[in-house]
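Participant: What follows is coords-v3.txt, compact mmCIF, C-alpha atoms.
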# COMPACT_ATOMS: atom_id res chain seq x y z
CA MET V 1 -10.79 -5.64 -14.84
CA LYS V 2 -10.80 -9.17 -16.12
CA LYS V 3 -13.73 -11.52 -15.60
CA GLU V 4 -11.60 -14.28 -14.16
CA ILE V 5 -10.86 -12.09 -11.14
CA MET V 6 -14.50 -12.28 -9.98
CA GLY V 7 -13.76 -15.29 -7.74
CA ILE V 8 -11.31 -13.25 -5.70
CA LEU V 9 -13.40 -10.10 -5.43
CA ALA V 10 -15.75 -9.42 -2.56
CA CYS V 11 -17.88 -6.58 -1.24
CA PRO V 12 -15.61 -4.38 0.93
CA VAL V 13 -18.35 -4.05 3.54
CA CYS V 14 -19.97 -7.51 4.00
CA LYS V 15 -17.29 -9.52 2.12
CA GLY V 16 -20.09 -11.25 0.21
CA GLU V 17 -20.17 -12.13 -3.48
CA LEU V 18 -20.58 -9.46 -6.13
CA SER V 19 -22.45 -9.78 -9.40
CA LEU V 20 -21.04 -8.21 -12.55
CA ASP V 21 -22.83 -5.97 -15.02
CA VAL V 22 -20.78 -5.20 -18.14
CA VAL V 23 -21.50 -1.99 -20.07
CA ASP V 24 -18.40 -1.93 -22.25
CA GLU V 25 -15.52 -4.35 -22.75
CA ASP V 26 -12.60 -4.77 -25.12
CA ASP V 27 -10.88 -8.00 -26.11
CA GLN V 28 -8.98 -8.09 -22.81
CA GLU V 29 -11.07 -6.68 -20.03
CA ILE V 30 -14.17 -4.93 -18.79
CA VAL V 31 -13.80 -1.20 -19.35
CA THR V 32 -17.07 0.11 -17.94
CA GLY V 33 -19.72 -1.53 -15.81
CA SER V 34 -20.56 -2.22 -12.22
CA LEU V 35 -20.34 -4.75 -9.44
CA TYR V 36 -23.43 -5.23 -7.30
CA CYS V 37 -23.68 -6.53 -3.77
CA ALA V 38 -27.21 -7.89 -3.27
CA LYS V 39 -26.80 -8.16 0.50
CA CYS V 40 -25.85 -4.48 0.91
CA SER V 41 -27.96 -3.30 -2.09
CA GLN V 42 -24.86 -1.43 -3.21
CA ASP V 43 -23.41 -0.76 -6.65
CA TYR V 44 -19.65 -0.41 -7.16
CA PRO V 45 -18.81 1.29 -10.47
CA ILE V 46 -16.13 0.08 -12.90
CA ARG V 47 -14.60 3.00 -14.83
CA ASP V 48 -11.61 2.93 -17.17
CA THR V 49 -11.15 -0.77 -16.26
CA ILE V 50 -10.71 -0.03 -12.53
CA PRO V 51 -13.46 -1.08 -10.11
CA ASN V 52 -14.10 1.42 -7.34
CA LEU V 53 -14.46 -0.82 -4.32
CA LEU V 54 -14.03 1.83 -1.67
CA PRO V 55 -16.65 1.49 1.07
CA PRO V 56 -19.57 3.76 0.04
CA ASP V 57 -18.92 6.26 2.85
CA MET V 58 -15.32 6.70 1.63
CA ARG V 59 -16.12 7.66 -1.93
CA ASN V 60 -16.01 11.42 -1.48
CA MET O 1 -7.00 14.81 13.33
CA ASN O 2 -9.71 12.15 13.17
CA ASP O 3 -9.45 9.04 10.97
CA GLN O 4 -11.33 10.66 8.11
CA ASP O 5 -9.08 13.74 8.19
CA ILE O 6 -6.06 11.46 8.03
CA ARG O 7 -7.40 9.46 5.08
CA ASN O 8 -8.22 12.65 3.22
CA ALA O 9 -4.78 14.14 3.87
CA VAL O 10 -3.07 10.96 2.69
CA ARG O 11 -5.19 10.70 -0.45
CA GLU O 12 -4.67 14.34 -1.30
CA SER O 13 -0.94 14.26 -0.74
CA TYR O 14 -0.26 11.05 -2.66
CA GLY O 15 -2.69 12.12 -5.38
CA LYS O 16 -0.47 15.14 -5.98
CA VAL O 17 2.62 12.94 -6.27
CA ALA O 18 0.88 10.72 -8.80
CA THR O 19 0.18 13.63 -11.09
CA GLN O 20 3.70 15.04 -11.00
CA GLN O 21 5.52 14.03 -14.14
CA GLY O 22 8.53 12.04 -13.12
CA GLY O 23 7.21 12.27 -9.57
CA SER O 24 10.31 13.02 -7.60
CA CYS O 25 8.62 12.71 -4.27
CA CYS O 26 5.68 12.43 -1.94
CA GLY O 27 4.04 14.92 0.33
CA PRO O 28 5.20 18.39 1.14
CA GLU O 29 8.68 19.40 0.01
CA SER O 30 9.96 19.32 3.55
CA LEU O 31 9.58 15.54 3.51
CA GLN O 32 11.41 14.82 0.32
CA ALA O 33 14.38 13.34 2.09
CA SER O 34 12.40 10.72 3.99
CA PRO O 35 12.59 7.00 3.13
CA CYS O 36 9.03 7.12 1.89
CA CYS O 37 10.00 9.91 -0.38
CA GLY O 38 13.27 8.62 -1.68
CA GLY O 39 16.02 11.00 -2.57
CA PRO O 40 17.00 13.19 -5.48
CA THR O 41 15.42 10.88 -8.10
CA PRO O 42 13.10 7.86 -7.80
CA ASP O 43 15.73 5.66 -9.38
CA THR O 44 18.47 6.60 -6.90
CA ALA O 45 16.03 6.22 -4.03
CA SER O 46 14.92 2.78 -5.13
CA LYS O 47 18.45 1.49 -5.65
CA ALA O 48 19.35 2.71 -2.19
CA ILE O 49 16.58 0.58 -0.68
CA GLY O 50 17.70 -2.59 -2.38
CA TYR O 51 16.13 -2.93 -5.83
CA THR O 52 18.65 -4.07 -8.43
CA ASP O 53 19.43 -2.26 -11.67
CA GLU O 54 17.92 -5.21 -13.49
CA GLN O 55 14.65 -4.99 -11.57
CA LEU O 56 14.38 -1.25 -12.14
CA ALA O 57 15.21 -1.60 -15.82
CA SER O 58 12.38 -4.14 -16.23
CA LEU O 59 9.78 -1.59 -15.10
CA PRO O 60 7.71 0.62 -17.38
CA ASP O 61 8.80 4.28 -17.17
CA GLY O 62 6.95 6.04 -14.40
CA ALA O 63 6.15 2.92 -12.34
CA ASP O 64 8.73 3.78 -9.72
CA LEU O 65 7.96 7.02 -7.92
CA GLY O 66 10.66 6.38 -5.33
CA LEU O 67 8.11 6.29 -2.51
CA GLY O 68 8.70 2.91 -0.89
CA CYS O 69 10.96 1.64 1.84
CA GLY O 70 11.88 -1.27 -0.44
CA ASN O 71 10.93 -4.90 -0.34
CA PRO O 72 13.29 -6.97 -2.48
CA THR O 73 13.13 -9.92 -0.06
CA ALA O 74 9.40 -10.24 -0.57
CA MET O 75 9.93 -10.41 -4.32
CA ALA O 76 12.50 -13.17 -3.93
CA SER O 77 10.01 -15.36 -2.02
CA LEU O 78 7.28 -15.32 -4.66
CA LYS O 79 6.64 -18.48 -6.65
CA GLU O 80 5.22 -19.22 -10.07
CA GLY O 81 1.43 -19.34 -9.99
CA GLU O 82 0.89 -17.49 -6.70
CA VAL O 83 -1.82 -14.91 -6.06
CA VAL O 84 -0.28 -11.73 -4.64
CA LEU O 85 -2.04 -8.74 -3.10
CA ASP O 86 -0.22 -5.40 -2.82
CA LEU O 87 -1.63 -3.07 -0.16
CA GLY O 88 -1.21 0.53 -1.32
CA SER O 89 0.09 -0.27 -4.78
CA GLY O 90 0.78 3.33 -5.86
CA ALA O 91 2.08 3.59 -9.42
CA GLY O 92 2.63 -0.15 -9.49
CA ILE O 93 6.37 -0.82 -9.00
CA ASP O 94 5.97 -3.79 -6.66
CA CYS O 95 3.02 -5.21 -8.58
CA PHE O 96 5.08 -5.30 -11.78
CA LEU O 97 8.07 -6.90 -10.05
CA ALA O 98 5.72 -9.44 -8.43
CA ALA O 99 4.03 -10.10 -11.78
CA ALA O 100 7.33 -11.18 -13.27
CA ALA O 101 7.93 -13.50 -10.30
CA VAL O 102 4.52 -15.27 -10.36
CA GLY O 103 4.41 -15.56 -14.14
CA LYS O 104 1.47 -16.11 -16.46
CA THR O 105 -0.23 -18.60 -14.15
CA GLY O 106 -0.04 -16.23 -11.21
CA ARG O 107 -1.96 -13.07 -10.50
CA VAL O 108 -1.19 -9.78 -8.80
CA ILE O 109 -3.82 -7.42 -7.42
CA GLY O 110 -2.94 -3.90 -6.37
CA VAL O 111 -5.27 -1.98 -4.05
CA ASP O 112 -4.94 1.77 -3.63
CA MET O 113 -7.35 4.49 -2.51
CA THR O 114 -5.86 7.31 -4.60
CA PRO O 115 -7.55 7.67 -8.02
CA ALA O 116 -4.58 9.46 -9.63
CA MET O 117 -2.18 6.70 -8.49
CA LEU O 118 -4.48 4.03 -9.95
CA GLU O 119 -4.65 5.90 -13.22
CA ARG O 120 -0.86 5.96 -13.35
CA ALA O 121 -0.61 2.29 -12.43
CA ARG O 122 -3.08 1.38 -15.16
CA GLU O 123 -1.10 3.34 -17.77
CA ASN O 124 2.08 1.64 -16.59
CA ALA O 125 0.49 -1.83 -16.78
CA SER O 126 -0.56 -1.17 -20.32
CA LYS O 127 2.87 0.27 -21.29
CA GLY O 128 4.58 -2.78 -19.81
CA GLY O 129 2.10 -5.25 -21.34
CA TYR O 130 1.33 -6.92 -18.00
CA ASP O 131 -1.76 -9.06 -18.28
CA ASN O 132 -1.51 -10.76 -14.89
CA VAL O 133 -1.77 -7.51 -12.88
CA GLU O 134 -5.03 -5.83 -11.86
CA PHE O 135 -5.69 -2.69 -9.91
CA ARG O 136 -8.71 -1.68 -7.91
CA MET O 137 -9.67 1.31 -5.88
CA GLY O 138 -10.11 0.22 -2.32
CA GLU O 139 -9.19 0.81 1.25
CA ILE O 140 -6.72 -1.47 2.99
CA GLU O 141 -8.91 -1.44 6.12
CA HIS O 142 -11.83 -2.79 4.04
CA LEU O 143 -10.28 -5.08 1.44
CA PRO O 144 -12.60 -5.89 -1.47
CA VAL O 145 -11.18 -9.40 -1.54
CA ALA O 146 -12.80 -12.75 -0.71
CA ASP O 147 -11.70 -14.88 2.28
CA ASN O 148 -8.81 -17.35 1.88
CA THR O 149 -7.88 -16.44 -1.70
CA VAL O 150 -4.39 -14.90 -1.51
CA ASP O 151 -0.96 -16.60 -1.18
CA ALA O 152 1.17 -13.58 -0.34
CA ILE O 153 0.45 -10.02 0.77
CA ILE O 154 3.10 -7.43 0.13
CA SER O 155 3.07 -3.79 1.18
CA ASN O 156 5.75 -1.22 0.95
CA CYS O 157 5.76 1.72 3.33
CA VAL O 158 1.98 2.09 3.42
CA ILE O 159 0.49 0.56 6.56
CA ASN O 160 2.08 3.30 8.70
CA LEU O 161 -0.30 5.69 6.90
CA SER O 162 -3.41 3.82 8.05
CA PRO O 163 -5.33 5.27 10.99
CA ASP O 164 -6.45 1.72 11.91
CA LYS O 165 -3.52 -0.69 11.58
CA ARG O 166 -5.17 -3.45 13.61
CA GLN O 167 -8.00 -3.54 11.10
CA VAL O 168 -5.49 -3.70 8.21
CA PHE O 169 -3.79 -6.74 9.73
CA SER O 170 -7.08 -8.42 10.51
CA GLU O 171 -8.21 -7.92 6.89
CA ALA O 172 -4.87 -9.24 5.62
CA TYR O 173 -5.31 -12.35 7.77
CA ARG O 174 -8.84 -12.90 6.48
CA VAL O 175 -7.97 -12.84 2.77
CA LEU O 176 -4.86 -15.03 3.05
CA ARG O 177 -5.11 -18.75 2.41
CA PRO O 178 -4.03 -20.93 5.33
CA GLY O 179 -0.27 -21.12 4.97
CA GLY O 180 -0.21 -17.73 3.27
CA ARG O 181 2.17 -14.96 4.32
CA VAL O 182 2.53 -11.22 4.70
CA MET O 183 5.84 -9.64 3.72
CA LEU O 184 5.80 -6.03 4.77
CA SER O 185 8.20 -3.18 4.58
CA ASP O 186 7.30 -0.28 6.81
CA ILE O 187 8.34 2.57 9.08
CA VAL O 188 8.12 2.02 12.83
CA LEU O 189 9.36 3.86 15.90
CA LEU O 190 11.67 2.87 18.70
CA LYS O 191 9.77 5.19 21.00
CA GLU O 192 6.69 7.38 20.92
CA LEU O 193 6.93 10.74 19.15
CA PRO O 194 6.43 14.07 20.95
CA GLU O 195 2.77 15.18 20.89
CA GLY O 196 3.47 18.13 18.56
CA ILE O 197 4.73 15.85 15.81
CA LYS O 198 2.01 13.26 16.32
CA GLY O 199 -0.58 15.89 15.48
CA SER O 200 1.16 17.16 12.36
CA VAL O 201 -0.49 16.36 9.03
CA GLU O 202 2.81 16.89 7.20
CA ALA O 203 4.58 14.43 9.46
CA TYR O 204 1.70 11.99 8.96
CA VAL O 205 1.78 11.89 5.17
CA GLY O 206 5.57 11.67 5.32
CA CYS O 207 5.21 8.34 7.15
CA VAL O 208 6.41 9.61 10.53
CA ALA O 209 3.45 10.63 12.68
CA GLY O 210 1.31 7.64 11.74
CA ALA O 211 4.02 5.13 12.55
CA GLU O 212 3.61 2.92 15.61
CA THR O 213 6.27 1.61 17.91
CA LYS O 214 7.95 -1.57 16.69
CA GLU O 215 6.55 -3.41 19.68
CA ASP O 216 2.95 -2.40 18.93
CA TYR O 217 3.35 -3.18 15.22
CA LEU O 218 4.47 -6.74 15.91
CA ALA O 219 1.88 -7.20 18.68
CA ASN O 220 -0.88 -6.12 16.28
CA LEU O 221 0.21 -8.78 13.79
CA THR O 222 0.09 -11.43 16.48
CA SER O 223 -3.29 -10.33 17.78
CA ALA O 224 -4.67 -10.48 14.22
CA GLY O 225 -3.82 -14.21 14.30
CA PHE O 226 -0.46 -14.30 12.55
CA THR O 227 2.26 -16.68 13.72
CA ASP O 228 6.02 -16.80 13.12
CA VAL O 229 6.12 -13.00 13.17
CA LYS O 230 9.70 -12.05 12.51
CA ILE O 231 11.75 -9.03 11.54
CA VAL O 232 13.85 -9.86 8.49
CA SER O 233 15.80 -6.63 8.54
CA GLU O 234 15.88 -3.38 10.37
CA VAL O 235 17.57 -0.17 9.27
CA SER O 236 17.79 3.08 11.15
CA ALA O 237 16.28 5.95 9.26
CA ALA O 238 18.30 8.50 11.24
CA GLY O 239 20.22 10.71 8.88
CA ILE O 240 17.77 10.12 6.06
CA TYR O 241 15.11 11.76 8.16
CA ASP O 242 17.25 14.54 9.61
CA ASN O 243 16.42 17.16 6.99
CA ALA O 244 12.76 16.28 6.93
CA THR O 245 12.27 16.30 10.66
CA GLU O 246 14.23 19.53 11.02
CA GLN O 247 11.83 21.30 8.74
CA ILE O 248 8.76 19.78 10.32
CA VAL O 249 9.78 20.68 13.83
CA ALA O 250 10.96 24.17 12.89
CA ASP O 251 7.28 25.12 12.78
CA LEU O 252 6.55 23.30 16.00
CA GLY O 253 9.14 25.05 18.15
CA ILE O 254 11.10 21.96 19.16
CA THR O 255 14.79 22.04 20.02
CA ALA O 256 17.55 20.69 17.78
CA GLU O 257 18.24 18.01 20.35
CA GLN O 258 14.66 16.84 20.20
CA VAL O 259 14.91 16.75 16.40
CA ARG O 260 17.87 14.38 16.64
CA GLU O 261 16.03 12.30 19.17
CA VAL O 262 13.01 12.01 16.89
CA SER O 263 14.98 11.07 13.78
CA SER O 264 17.02 8.48 15.65
CA SER O 265 13.86 6.74 16.80
CA ILE O 266 12.54 6.18 13.26
CA ILE O 267 13.42 2.84 11.67
CA SER O 268 12.54 0.99 8.49
CA ILE O 269 11.72 -2.70 9.02
CA LYS O 270 10.90 -5.70 6.87
CA VAL O 271 8.54 -8.10 8.59
CA GLN O 272 7.23 -11.54 7.68
CA ALA O 273 4.36 -13.42 9.29
CA ILE O 274 2.37 -16.55 8.48
CA LYS O 275 -1.30 -17.50 8.61
CA SER O 276 -1.07 -21.00 10.03
CA LYS O 277 -2.51 -23.94 8.11
Take the structure I supplied and represent it as structure tokens, if you would.

Facilitator:
Amino acid sequence: MKKEIMGILACPVCKGELSLDVVDEDDQEIVTGSLYCAKCSQDYPIRDTIPNLLPPDMRN
Amino acid sequence: MNDQDIRNAVRESYGKVATQQGGSCCGPESLQASPCCGGPTPDTASKAIGYTDEQLASLPDGADLGLGCGNPTAMASLKEGEVVLDLGSGAGIDCFLAAAAVGKTGRVIGVDMTPAMLERARENASKGGYDNVEFRMGEIEHLPVADNTVDAIISNCVINLSPDKRQVFSEAYRVLRPGGRVMLSDIVLLKELPEGIKGSVEAYVGCVAGAETKEDYLANLTSAGFTDVKIVSEVSAAGIYDNATEQIVADLGITAEQVREVSSSIISIKVQAIKSK
């Protein structure tokens, strides 16, 4: 994902803001990392550039 | 089937399609003739639903799995610089067509809950060199998108698969900017299906059993807050569905007459609605 998309993203559960933690990025986008919702105390992983923003109970 | 069973069946079925090379179709083989599953090849199926040769030629190989009901009208309405959200983006066909319409200053976000589809979409985006398209794994009933941020929502033969369509429309309304619009292509029914078909997983993932009546579909849009709800086009899916329904109902012990009745009540519609300013 690209950083400039952060303004459009929201937590799928509370719709609040997410904070970004980058582990690995290339010249275009974030490859690995996570998005954190402070209100829900929930981490949403970013793998292979795609954030997994499924509600936590839907991940399995 | 409860909601979770339905979601799992849909994810599993469409995950399989995503991993088929060339992906001729969705769901079980019995459904391969349905509108959601195109026809003999994805290309033929997509032309039949209204995409032009030029549009199809502009796509990266493998972006079109032939799974949609088609939404060329939605593409025509998109303007330079708009933010577009595709509900159930699959391998990315509509996202890539939308990306060309909104240009460099626009942005397209595809949401899908099937990991294998997202993987395919990501490969296609990179093959096609699209830098204004992004994909994320998410559920259309719980959009990971902030309020009032999207100009146009498109969705192509997907909402019928949701076990909670009211919630999908209410989420769509929330994320749209005032003045924003939904442009949906979907399968609806002219009358309720027989109970045996309603309970069939195969019929569900083939976009039949999950479909609502046209009346309920439009009423759900209105109750979510949308105005100017209108059907842009409506095509009977009878004929296209005959083979599929025949095979589904063969296992359910329904008469040939009932099969015809079922397939004649399935229609593909294109609907537009506005979030008032």

Participant: Between V:Val23, V:Ala10, V:Leu35, V:Met58, which one has atoms that come closest to chain O, using all atoms listed in the file?

Facilitator: V:Ala10

Participant: Tell me as a ChimeraX atom specification which residues belonging to chain O come within 9 Å of chain V, counting all atoms listed in the file.

Facilitator: /O:4,107,113,118-119,122,131,134-139,141-150

Participant: Around the point (-3.0, -13.0, -3.2) (coordinates from the file), which residues reach within 8 Å if we count all atoms listed in the file? Answer as a list in words.

Facilitator: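 Result, sorted by chain then residue number: Glu82, Val83, Val84, Leu85, Arg107, Val108, Ile109, Thr149, Val150, Asp151, Ala152, Ile153, Val175 and Leu176 of chain O.
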
Participant: For the residues selected in the previous step, produce a file with C-alpha atoms as a compact mmCIF listing (two decimals), keeping the file's coordinate frame.

Facilitator:
# COMPACT_ATOMS: atom_id res chain seq x y z
CA GLU O 82 0.89 -17.49 -6.70
CA VAL O 83 -1.82 -14.91 -6.06
CA VAL O 84 -0.28 -11.73 -4.64
CA LEU O 85 -2.04 -8.74 -3.10
CA ARG O 107 -1.96 -13.07 -10.50
CA VAL O 108 -1.19 -9.78 -8.80
CA ILE O 109 -3.82 -7.42 -7.42
CA THR O 149 -7.88 -16.44 -1.70
CA VAL O 150 -4.39 -14.90 -1.51
CA ASP O 151 -0.96 -16.60 -1.18
CA ALA O 152 1.17 -13.58 -0.34
CA ILE O 153 0.45 -10.02 0.77
CA VAL O 175 -7.97 -12.84 2.77
CA LEU O 176 -4.86 -15.03 3.05

Participant: Please measure the separation of atom CA of Val10 of chain O and atom CA of Leu161 of chain O, giving the value in Å to one decimal.

Facilitator: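 Atom-to-atom, atom CA of Val10 of chain O and atom CA of Leu161 of chain O are spaced 7.3 Å apart.
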
Participant: May I ask which of the residues O:Ser89, O:Ser162, O:Ser233, O:Ser223 is the closest one to Ala18 of chain O, counting all atoms listed in the file?

Facilitator: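 Closest to Ala18 of chain O of all the choices is O:Ser89.
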
Participant: Using all atoms listed in the file, can you tell me which of V:Tyr44, V:Ser34, V:Pro56, V:Glu4 comes closest to Val22 of chain V?

Facilitator: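 Checking each of V:Tyr44, V:Ser34, V:Pro56, V:Glu4 against Val22 of chain V, counting all atoms listed in the file, the winner is V:Ser34.
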
Participant: To box segment 188-195 of chain O, take all atoms listed in the file, fit an axis-aligned box, add 3 Å on each side, and give centre and edge lengths in Å to one decimal, as AutoDock Vina command-line options.

Facilitator:
--center_x 7.2 --center_y 8.6 --center_z 16.9 --size_x 14.9 --size_y 19.2 --size_z 14.2

Participant: What is the atom CA of Met75 of chain O to atom CA of Tyr130 of chain O distance in Å?

Facilitator: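 Distance reported for this atom pair: 16.5 Å.
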
Participant: Could you give me, as a ChimeraX atom specification, the residues that sit within 12 Å of (4.3, -6.2, 17.0) in the file's coordinates, counting all atoms listed in the file?

Facilitator: /O:165-166,169,188-190,212-231,269,271-273

Participant: Just how far from atom CA of Met183 of chain O is atom CA of Ile154 of chain O, in Å to one decimal?

Facilitator: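 Distance reported for this atom pair: 5.0 Å.
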
Participant: Find the residue from O:Ala100, O:Leu59, O:Ala116, O:Val262 that sits nearest to Glu192 of chain O; use all atoms listed in the file when measuring.

Facilitator: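 Closest residue, counting all atoms listed in the file: O:Val262.
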